[in-house]
Each structure stands twice: as C-alpha cells, then as structure tokens.
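J.: The file below is target.cif, mmCIF, N, CA and C atoms:
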data_my_file
loop_
_atom_site.group_PDB
_atom_site.id
_atom_site.type_symbol
_atom_site.label_atom_id
_atom_site.label_comp_id
_atom_site.auth_asym_id
_atom_site.auth_seq_id
_atom_site.Cartn_x
_atom_site.Cartn_y
_atom_site.Cartn_z
ATOM 1 N N MET Q 28 -28.184 -12.098 10.915
ATOM 2 C CA MET Q 28 -26.748 -12.293 10.885
ATOM 3 C C MET Q 28 -26.153 -11.471 9.741
ATOM 4 N N VAL Q 29 -25.128 -10.725 10.041
ATOM 5 C CA VAL Q 29 -24.460 -9.907 9.045
ATOM 6 C C VAL Q 29 -23.344 -10.725 8.417
ATOM 7 N N ARG Q 30 -23.318 -10.711 7.091
ATOM 8 C CA ARG Q 30 -22.253 -11.426 6.388
ATOM 9 C C ARG Q 30 -21.238 -10.432 5.862
ATOM 10 N N MET Q 31 -19.979 -10.728 6.094
ATOM 11 C CA MET Q 31 -18.908 -9.905 5.544
ATOM 12 C C MET Q 31 -18.470 -10.521 4.223
ATOM 13 N N VAL Q 32 -18.306 -9.694 3.231
ATOM 14 C CA VAL Q 32 -17.818 -10.162 1.944
ATOM 15 C C VAL Q 32 -16.434 -9.577 1.731
ATOM 16 N N LYS Q 33 -15.486 -10.438 1.487
ATOM 17 C CA LYS Q 33 -14.124 -9.986 1.190
ATOM 18 C C LYS Q 33 -13.857 -10.233 -0.281
ATOM 19 N N HIS Q 34 -13.336 -9.220 -0.930
ATOM 20 C CA HIS Q 34 -12.975 -9.343 -2.332
ATOM 21 C C HIS Q 34 -11.498 -9.696 -2.427
ATOM 22 N N HIS Q 35 -11.210 -10.759 -3.133
ATOM 23 C CA HIS Q 35 -9.824 -11.158 -3.362
ATOM 24 C C HIS Q 35 -9.322 -10.349 -4.553
ATOM 25 N N ILE Q 36 -8.446 -9.421 -4.292
ATOM 26 C CA ILE Q 36 -7.995 -8.466 -5.286
ATOM 27 C C ILE Q 36 -6.582 -8.805 -5.758
ATOM 28 N N PRO Q 37 -6.406 -9.078 -7.062
ATOM 29 C CA PRO Q 37 -5.043 -9.276 -7.563
ATOM 30 C C PRO Q 37 -4.326 -7.931 -7.626
ATOM 31 N N VAL Q 38 -3.173 -7.857 -6.958
ATOM 32 C CA VAL Q 38 -2.421 -6.607 -6.853
ATOM 33 C C VAL Q 38 -0.979 -6.844 -7.278
ATOM 34 N N HIS Q 39 -0.462 -5.905 -8.064
ATOM 35 C CA HIS Q 39 0.955 -5.913 -8.428
ATOM 36 C C HIS Q 39 1.577 -4.706 -7.739
ATOM 37 N N PHE Q 40 2.544 -4.918 -6.862
ATOM 38 C CA PHE Q 40 3.191 -3.834 -6.129
ATOM 39 C C PHE Q 40 4.414 -3.358 -6.908
ATOM 40 N N VAL Q 41 4.525 -2.032 -7.102
ATOM 41 C CA VAL Q 41 5.685 -1.478 -7.797
ATOM 42 C C VAL Q 41 6.391 -0.483 -6.890
ATOM 43 N N PHE Q 42 7.683 -0.335 -7.128
ATOM 44 C CA PHE Q 42 8.530 0.575 -6.357
ATOM 45 C C PHE Q 42 8.926 1.725 -7.269
ATOM 46 N N THR Q 43 8.849 2.951 -6.742
ATOM 47 C CA THR Q 43 9.264 4.111 -7.521
ATOM 48 C C THR Q 43 10.110 5.040 -6.667
ATOM 49 N N GLU Q 44 11.024 5.704 -7.282
ATOM 50 C CA GLU Q 44 11.877 6.677 -6.594
ATOM 51 C C GLU Q 44 11.213 8.046 -6.514
ATOM 52 N N LEU Q 45 10.029 8.210 -7.097
ATOM 53 C CA LEU Q 45 9.379 9.520 -7.156
ATOM 54 C C LEU Q 45 8.942 10.055 -5.801
ATOM 55 N N TRP Q 46 8.484 9.193 -4.933
ATOM 56 C CA TRP Q 46 7.928 9.639 -3.652
ATOM 57 C C TRP Q 46 9.046 9.678 -2.612
ATOM 58 N N ARG Q 47 9.747 10.748 -2.506
ATOM 59 C CA ARG Q 47 10.896 10.845 -1.607
ATOM 60 C C ARG Q 47 10.515 11.026 -0.137
ATOM 61 N N ASP Q 48 9.364 11.620 0.139
ATOM 62 C CA ASP Q 48 8.978 11.906 1.522
ATOM 63 C C ASP Q 48 8.036 10.868 2.120
ATOM 64 N N SER Q 49 7.751 9.802 1.400
ATOM 65 C CA SER Q 49 6.810 8.811 1.933
ATOM 66 C C SER Q 49 7.115 7.439 1.333
ATOM 67 N N ASP Q 50 6.205 6.514 1.562
ATOM 68 C CA ASP Q 50 6.368 5.147 1.093
ATOM 69 C C ASP Q 50 6.486 5.125 -0.434
ATOM 70 N N PRO Q 51 7.555 4.554 -0.976
ATOM 71 C CA PRO Q 51 7.755 4.551 -2.421
ATOM 72 C C PRO Q 51 7.033 3.418 -3.154
ATOM 73 N N VAL Q 52 6.142 2.707 -2.468
ATOM 74 C CA VAL Q 52 5.467 1.564 -3.084
ATOM 75 C C VAL Q 52 4.034 1.939 -3.460
ATOM 76 N N THR Q 53 3.619 1.506 -4.650
ATOM 77 C CA THR Q 53 2.253 1.700 -5.128
ATOM 78 C C THR Q 53 1.646 0.336 -5.402
ATOM 79 N N ALA Q 54 0.405 0.137 -4.969
ATOM 80 C CA ALA Q 54 -0.334 -1.093 -5.246
ATOM 81 C C ALA Q 54 -1.168 -0.854 -6.500
ATOM 82 N N VAL Q 55 -0.940 -1.651 -7.525
ATOM 83 C CA VAL Q 55 -1.680 -1.522 -8.780
ATOM 84 C C VAL Q 55 -2.730 -2.628 -8.816
ATOM 85 N N PHE Q 56 -4.011 -2.238 -8.850
ATOM 86 C CA PHE Q 56 -5.117 -3.203 -8.876
ATOM 87 C C PHE Q 56 -5.327 -3.644 -10.320
ATOM 88 N N ILE Q 57 -4.710 -4.757 -10.691
ATOM 89 C CA ILE Q 57 -4.672 -5.154 -12.093
ATOM 90 C C ILE Q 57 -6.008 -5.685 -12.605
ATOM 91 N N HIS Q 58 -6.980 -5.889 -11.738
ATOM 92 C CA HIS Q 58 -8.292 -6.354 -12.204
ATOM 93 C C HIS Q 58 -9.165 -5.194 -12.686
ATOM 94 N N THR Q 59 -8.749 -3.958 -12.426
ATOM 95 C CA THR Q 59 -9.543 -2.799 -12.834
ATOM 96 C C THR Q 59 -8.794 -1.986 -13.882
ATOM 97 N N LYS Q 60 -8.897 -2.403 -15.108
ATOM 98 C CA LYS Q 60 -8.275 -1.680 -16.220
ATOM 99 C C LYS Q 60 -9.189 -0.511 -16.566
ATOM 100 N N ILE Q 61 -8.666 0.700 -16.454
ATOM 101 C CA ILE Q 61 -9.433 1.907 -16.726
ATOM 102 C C ILE Q 61 -8.686 2.678 -17.807
ATOM 103 N N ARG Q 62 -9.349 2.879 -18.937
ATOM 104 C CA ARG Q 62 -8.702 3.532 -20.079
ATOM 105 C C ARG Q 62 -7.381 2.818 -20.369
ATOM 106 N N ASP Q 63 -6.289 3.526 -20.315
ATOM 107 C CA ASP Q 63 -4.990 2.906 -20.591
ATOM 108 C C ASP Q 63 -4.186 2.745 -19.302
ATOM 109 N N GLY Q 64 -4.882 2.456 -18.206
ATOM 110 C CA GLY Q 64 -4.197 2.299 -16.926
ATOM 111 C C GLY Q 64 -4.998 1.477 -15.938
ATOM 112 N N PHE Q 65 -4.670 1.655 -14.674
ATOM 113 C CA PHE Q 65 -5.254 0.838 -13.616
ATOM 114 C C PHE Q 65 -5.625 1.693 -12.406
ATOM 115 N N ASP Q 66 -6.603 1.220 -11.643
ATOM 116 C CA ASP Q 66 -6.864 1.771 -10.321
ATOM 117 C C ASP Q 66 -5.652 1.395 -9.474
ATOM 118 N N ALA Q 67 -5.289 2.251 -8.531
ATOM 119 C CA ALA Q 67 -4.093 1.995 -7.718
ATOM 120 C C ALA Q 67 -4.288 2.599 -6.334
ATOM 121 N N TYR Q 68 -3.375 2.264 -5.435
ATOM 122 C CA TYR Q 68 -3.412 2.789 -4.074
ATOM 123 C C TYR Q 68 -1.981 3.043 -3.634
ATOM 124 N N ALA Q 69 -1.756 4.221 -3.072
ATOM 125 C CA ALA Q 69 -0.435 4.581 -2.561
ATOM 126 C C ALA Q 69 -0.630 5.417 -1.312
ATOM 127 N N GLU Q 70 0.363 5.411 -0.461
ATOM 128 C CA GLU Q 70 0.288 6.220 0.751
ATOM 129 C C GLU Q 70 0.096 7.690 0.383
ATOM 130 N N VAL Q 71 0.747 8.121 -0.688
ATOM 131 C CA VAL Q 71 0.594 9.485 -1.169
ATOM 132 C C VAL Q 71 -0.623 9.516 -2.077
ATOM 133 N N GLY Q 72 -1.694 10.187 -1.657
ATOM 134 C CA GLY Q 72 -2.861 10.300 -2.515
ATOM 135 C C GLY Q 72 -3.881 9.198 -2.338
ATOM 136 N N GLN Q 73 -3.558 8.165 -1.602
ATOM 137 C CA GLN Q 73 -4.474 7.049 -1.360
ATOM 138 C C GLN Q 73 -4.908 6.411 -2.680
ATOM 139 N N HIS Q 74 -6.243 6.310 -2.931
ATOM 140 C CA HIS Q 74 -6.708 5.715 -4.186
ATOM 141 C C HIS Q 74 -6.424 6.670 -5.326
ATOM 142 N N THR Q 75 -5.940 6.118 -6.421
ATOM 143 C CA THR Q 75 -5.556 6.940 -7.557
ATOM 144 C C THR Q 75 -5.637 6.099 -8.828
ATOM 145 N N TRP Q 76 -5.191 6.656 -9.912
ATOM 146 C CA TRP Q 76 -5.106 5.976 -11.196
ATOM 147 C C TRP Q 76 -3.668 6.100 -11.684
ATOM 148 N N VAL Q 77 -3.146 5.023 -12.263
ATOM 149 C CA VAL Q 77 -1.807 5.076 -12.857
ATOM 150 C C VAL Q 77 -1.892 4.545 -14.280
ATOM 151 N N SER Q 78 -1.099 5.131 -15.169
ATOM 152 C CA SER Q 78 -1.086 4.634 -16.548
ATOM 153 C C SER Q 78 -0.357 3.297 -16.588
ATOM 154 N N GLU Q 79 -0.749 2.482 -17.539
ATOM 155 C CA GLU Q 79 -0.076 1.192 -17.703
ATOM 156 C C GLU Q 79 1.398 1.419 -18.063
ATOM 157 N N GLN Q 80 1.662 2.425 -18.872
ATOM 158 C CA GLN Q 80 3.046 2.736 -19.255
ATOM 159 C C GLN Q 80 3.882 3.065 -18.016
ATOM 160 N N TRP Q 81 3.349 3.915 -17.121
ATOM 161 C CA TRP Q 81 4.078 4.273 -15.905
ATOM 162 C C TRP Q 81 4.322 3.024 -15.060
ATOM 163 N N ALA Q 82 3.281 2.212 -14.872
ATOM 164 C CA ALA Q 82 3.407 1.020 -14.031
ATOM 165 C C ALA Q 82 4.459 0.060 -14.589
ATOM 166 N N ARG Q 83 4.524 -0.067 -15.894
ATOM 167 C CA ARG Q 83 5.505 -0.976 -16.506
ATOM 168 C C ARG Q 83 6.934 -0.439 -16.401
ATOM 169 N N GLN Q 84 7.083 0.862 -16.241
ATOM 170 C CA GLN Q 84 8.417 1.454 -16.112
ATOM 171 C C GLN Q 84 8.994 1.311 -14.706
ATOM 172 N N GLN Q 85 8.172 0.955 -13.730
ATOM 173 C CA GLN Q 85 8.631 0.792 -12.352
ATOM 174 C C GLN Q 85 9.079 -0.647 -12.150
ATOM 175 N N ARG Q 86 9.979 -0.844 -11.223
ATOM 176 C CA ARG Q 86 10.383 -2.225 -10.932
ATOM 177 C C ARG Q 86 9.410 -2.831 -9.918
ATOM 178 N N PRO Q 87 9.222 -4.149 -9.954
ATOM 179 C CA PRO Q 87 8.374 -4.780 -8.941
ATOM 180 C C PRO Q 87 8.960 -4.548 -7.549
ATOM 181 N N ALA Q 88 8.107 -4.282 -6.588
ATOM 182 C CA ALA Q 88 8.551 -4.120 -5.201
ATOM 183 C C ALA Q 88 8.833 -5.497 -4.614
ATOM 184 N N THR Q 89 9.786 -5.554 -3.702
ATOM 185 C CA THR Q 89 10.087 -6.812 -3.019
ATOM 186 C C THR Q 89 9.052 -7.025 -1.906
ATOM 187 N N PRO Q 90 8.889 -8.260 -1.431
ATOM 188 C CA PRO Q 90 7.958 -8.500 -0.324
ATOM 189 C C PRO Q 90 8.247 -7.610 0.893
ATOM 190 N N GLN Q 91 9.509 -7.389 1.194
ATOM 191 C CA GLN Q 91 9.863 -6.531 2.329
ATOM 192 C C GLN Q 91 9.417 -5.089 2.070
ATOM 193 N N GLU Q 92 9.553 -4.619 0.847
ATOM 194 C CA GLU Q 92 9.161 -3.250 0.514
ATOM 195 C C GLU Q 92 7.653 -3.051 0.537
ATOM 196 N N TYR Q 93 6.893 -4.036 0.038
ATOM 197 C CA TYR Q 93 5.441 -3.839 -0.036
ATOM 198 C C TYR Q 93 4.680 -4.303 1.202
ATOM 199 N N ALA Q 94 5.338 -4.931 2.155
ATOM 200 C CA ALA Q 94 4.651 -5.446 3.350
ATOM 201 C C ALA Q 94 3.831 -4.391 4.092
ATOM 202 N N PRO Q 95 4.349 -3.177 4.365
ATOM 203 C CA PRO Q 95 3.533 -2.188 5.084
ATOM 204 C C PRO Q 95 2.277 -1.762 4.316
ATOM 205 N N LEU Q 96 2.401 -1.574 3.000
ATOM 206 C CA LEU Q 96 1.233 -1.173 2.205
ATOM 207 C C LEU Q 96 0.233 -2.319 2.105
ATOM 208 N N MET Q 97 0.714 -3.532 1.978
ATOM 209 C CA MET Q 97 -0.172 -4.696 1.941
ATOM 210 C C MET Q 97 -0.943 -4.817 3.251
ATOM 211 N N ALA Q 98 -0.259 -4.603 4.381
ATOM 212 C CA ALA Q 98 -0.926 -4.664 5.687
ATOM 213 C C ALA Q 98 -2.004 -3.588 5.787
ATOM 214 N N GLU Q 99 -1.730 -2.394 5.267
ATOM 215 C CA GLU Q 99 -2.723 -1.315 5.283
ATOM 216 C C GLU Q 99 -3.948 -1.699 4.459
ATOM 217 N N LEU Q 100 -3.733 -2.276 3.286
ATOM 218 C CA LEU Q 100 -4.849 -2.702 2.447
ATOM 219 C C LEU Q 100 -5.672 -3.794 3.136
ATOM 220 N N GLN Q 101 -4.994 -4.709 3.805
ATOM 221 C CA GLN Q 101 -5.700 -5.775 4.521
ATOM 222 C C GLN Q 101 -6.521 -5.220 5.673
ATOM 223 N N ARG Q 102 -5.999 -4.209 6.367
ATOM 224 C CA ARG Q 102 -6.777 -3.563 7.437
ATOM 225 C C ARG Q 102 -8.036 -2.889 6.883
ATOM 226 N N MET Q 103 -7.957 -2.456 5.636
ATOM 227 C CA MET Q 103 -9.099 -1.811 4.994
ATOM 228 C C MET Q 103 -10.112 -2.833 4.481
ATOM 229 N N GLY Q 104 -9.791 -4.121 4.552
ATOM 230 C CA GLY Q 104 -10.733 -5.157 4.138
ATOM 231 C C GLY Q 104 -10.402 -5.851 2.834
ATOM 232 N N TYR Q 105 -9.299 -5.474 2.206
ATOM 233 C CA TYR Q 105 -8.897 -6.144 0.973
ATOM 234 C C TYR Q 105 -8.224 -7.474 1.292
ATOM 235 N N ALA Q 106 -8.564 -8.518 0.545
ATOM 236 C CA ALA Q 106 -7.862 -9.796 0.628
ATOM 237 C C ALA Q 106 -6.910 -9.804 -0.564
ATOM 238 N N VAL Q 107 -5.695 -9.346 -0.338
ATOM 239 C CA VAL Q 107 -4.728 -9.115 -1.410
ATOM 240 C C VAL Q 107 -4.134 -10.422 -1.913
ATOM 241 N N GLU Q 108 -4.142 -10.584 -3.234
ATOM 242 C CA GLU Q 108 -3.450 -11.688 -3.891
ATOM 243 C C GLU Q 108 -2.332 -11.068 -4.711
ATOM 244 N N VAL Q 109 -1.106 -11.260 -4.292
ATOM 245 C CA VAL Q 109 0.032 -10.629 -4.954
ATOM 246 C C VAL Q 109 0.243 -11.243 -6.334
ATOM 247 N N SER Q 110 0.329 -10.375 -7.339
ATOM 248 C CA SER Q 110 0.583 -10.802 -8.711
ATOM 249 C C SER Q 110 2.007 -10.406 -9.094
ATOM 250 N N PRO Q 111 2.758 -11.304 -9.715
ATOM 251 C CA PRO Q 111 4.130 -10.978 -10.099
ATOM 252 C C PRO Q 111 4.224 -10.068 -11.323
ATOM 253 N N SER Q 112 3.085 -9.819 -11.986
ATOM 254 C CA SER Q 112 3.127 -8.998 -13.200
ATOM 255 C C SER Q 112 1.860 -8.157 -13.320
ATOM 256 N N LEU Q 113 1.821 -7.342 -14.352
ATOM 257 C CA LEU Q 113 0.657 -6.498 -14.624
ATOM 258 C C LEU Q 113 -0.343 -7.170 -15.549
ATOM 259 N N ALA Q 114 -0.204 -8.455 -15.778
ATOM 260 C CA ALA Q 114 -1.114 -9.151 -16.680
ATOM 261 C C ALA Q 114 -2.554 -8.936 -16.229
ATOM 262 N N PRO Q 115 -3.391 -8.318 -17.066
ATOM 263 C CA PRO Q 115 -4.781 -8.084 -16.671
ATOM 264 C C PRO Q 115 -5.502 -9.401 -16.407
ATOM 265 N N VAL Q 116 -6.236 -9.434 -15.326
ATOM 266 C CA VAL Q 116 -6.948 -10.638 -14.941
ATOM 267 C C VAL Q 116 -8.415 -10.538 -15.328
ATOM 268 N N GLY Q 117 -9.045 -9.399 -15.049
ATOM 269 C CA GLY Q 117 -10.424 -9.173 -15.454
ATOM 270 C C GLY Q 117 -11.478 -9.830 -14.586
ATOM 271 N N TRP Q 118 -11.136 -10.215 -13.367
ATOM 272 C CA TRP Q 118 -12.123 -10.826 -12.487
ATOM 273 C C TRP Q 118 -11.810 -10.492 -11.048
ATOM 274 N N VAL Q 119 -12.823 -10.645 -10.210
ATOM 275 C CA VAL Q 119 -12.659 -10.515 -8.765
ATOM 276 C C VAL Q 119 -13.365 -11.701 -8.139
ATOM 277 N N ARG Q 120 -12.657 -12.467 -7.346
ATOM 278 C CA ARG Q 120 -13.258 -13.583 -6.649
ATOM 279 C C ARG Q 120 -13.825 -13.070 -5.340
ATOM 280 N N VAL Q 121 -15.040 -13.473 -5.007
ATOM 281 C CA VAL Q 121 -15.705 -12.998 -3.790
ATOM 282 C C VAL Q 121 -15.876 -14.176 -2.844
ATOM 283 N N THR Q 122 -15.542 -13.958 -1.577
ATOM 284 C CA THR Q 122 -15.718 -14.951 -0.537
ATOM 285 C C THR Q 122 -16.650 -14.403 0.527
ATOM 286 N N GLU Q 123 -17.641 -15.164 0.926
ATOM 287 C CA GLU Q 123 -18.542 -14.729 2.003
ATOM 288 C C GLU Q 123 -18.116 -15.388 3.304
ATOM 289 N N TYR Q 124 -18.201 -14.617 4.385
ATOM 290 C CA TYR Q 124 -17.871 -15.133 5.712
ATOM 291 C C TYR Q 124 -19.106 -15.146 6.557
#
Written as structure tokens, that's how I'd like the structure from this file.
T.:
Amino acid sequence: MVRMVKHHIPVHFVFTELWRDSDPVTAVFIHTKIRDGFDAYAEVGQHTWVSEQWARQQRPATPQEYAPLMAELQRMGYAVEVSPSLAPVGWVRVTEY
C-alpha cells in the first residue's frame, strides 16, 4: 500500500503591483527562512526566493486575490495553511493518508 504524505505548509500570500502581465500574488512559505528571506512561489518564475524586506513591503493578498494561486498549490500537493503574517513558524506538520 502506498501512503501519501501531505505537508501542511504555513503560507502568507502577498499582493504586488510588479507583475503586470500575470498573477500579482506571491505565496511566501514562512516555515522556510533562508538567509534574510523565504522560499516562495509565484506564477512568474514558479519557485523562487524573496527577501523578508520585500515581503514586508507588500500588502497581504485578500482571499479572493490568492484563491487561484492557493488552488494551484493544492493541486501540486501542498496542504496550505494561510497565515495572516510573516511570523516565522519554523515547523512543518506532516499528515499521512
């Protein structure tokens, strides 16, 4: 029997005016602090890194704004837990199915 493991990932969605030709929302994976920033995911560039300073300068995305990106992450196997802030969590909860 094959077991699927889903990682519950705390994500803070931010909105930026920089991406004019595509989805302006970036998912910031706040559990992965790398140097002075975070692992992130955006339609432009897919997986990437963003500085903490840049992420803090963006406004939080509304549920309506981040819904398409959240759905894409869920299709990829992420169990997204929306975080209202960039507060580092430092953990990943794992669920086996």
J.: So which residues get picked by the PyMOL selection byres ((chain Q and resi 82) around 8) here, written as a list in words?
T.: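 Checked against the file, the PyMOL selection byres ((chain Q and resi 82) around 8) matches Val41, Val55, Gly64, Phe65, Val77, Ser78, Glu79, Gln80, Trp81, Arg83, Gln84, Gln85, Arg86, Pro87 and Leu113 of chain Q.
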J.: Residues of stretch 48-86 of chain Q classed as alpha helix (DSSP H) by DSSP on the backbone are to be reported as a ChimeraX atom specification.
T.: /Q:79-84
J.: First collect every listed atom of stretch 90-108 of chain Q; then fit an axis-aligned box around them, widen it by 3 Å on each side, and give centre and edge lengths in Å to one decimal, as lines of an AutoDock Vina configuration file.
T.:
center_x = -0.4
center_y = -6.4
center_z = 1.4
size_x = 26.6
size_y = 16.5
size_z = 18.1
J.: At what distance in Å, to one decimal, does atom CA of Q:Thr43 lie from atom CA of Q:Ser110?
T.: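 Distance between the two atoms: 17.3 Å.
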J.: As a check of understanding, name the residues that the PyMOL selection byres ((chain Q and resi 97-107) around 8) selects in the supplied structure, as a list in words.
T.: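 The output of the PyMOL selection byres ((chain Q and resi 97-107) around 8) on this file is Val32, Lys33, His34, His35, Ile36, Pro37, Val38, Ala54, Glu92, Tyr93, Ala94, Pro95, Leu96, Glu108, Val109 and Ser110 of chain Q.
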J.: Do you have the atom CA of Q:Gln91-atom CA of Q:Thr59 distance handy?
T.: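 These atoms are spaced 24.9 Å apart.
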J.: Neighbours of Q:Thr53 within 6 Å (only C-alpha atoms; same-chain residues fewer than 3 positions away dropped), as a PDB file with N, CA and C atoms, in the frame of the given file?
T.:
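And here is the file that came out, selection-v8.pdb:
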ATOM      1  N   PHE Q  40       2.544  -4.918  -6.862  1.00  0.00           N
ATOM      2  CA  PHE Q  40       3.191  -3.834  -6.129  1.00  0.00           C
ATOM      3  C   PHE Q  40       4.414  -3.358  -6.908  1.00  0.00           C
ATOM      4  N   VAL Q  41       4.525  -2.032  -7.102  1.00  0.00           N
ATOM      5  CA  VAL Q  41       5.685  -1.478  -7.797  1.00  0.00           C
ATOM      6  C   VAL Q  41       6.391  -0.483  -6.890  1.00  0.00           C
ATOM      7  N   TYR Q  68      -3.375   2.264  -5.435  1.00  0.00           N
ATOM      8  CA  TYR Q  68      -3.412   2.789  -4.074  1.00  0.00           C
ATOM      9  C   TYR Q  68      -1.981   3.043  -3.634  1.00  0.00           C
ATOM     10  N   ALA Q  69      -1.756   4.221  -3.072  1.00  0.00           N
ATOM     11  CA  ALA Q  69      -0.435   4.581  -2.561  1.00  0.00           C
ATOM     12  C   ALA Q  69      -0.630   5.417  -1.312  1.00  0.00           C
TER      13      ALA Q  69
END
J.: Would you mind reading off the distance between atom N of Q:Trp76 and atom C of Q:Ala88, one decimal, in Å?
T.: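 These two atoms are separated by 19.3 Å.
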J.: Here is a test: counting only C-alpha atoms, which residue of Q:Thr89, Q:Phe42, Q:Lys60, Q:Thr75 is nearest to Q:Ala114?
T.: Q:Lys60
J.: Apply DSSP to the backbone of this structure and, from stretch 29-119 of chain Q, keep only the residues in strand (DSSP E or B); write these as number ranges by chain.
T.: Q: 32-42, 52-61, 64-69, 73-78, 86-87, 106-109
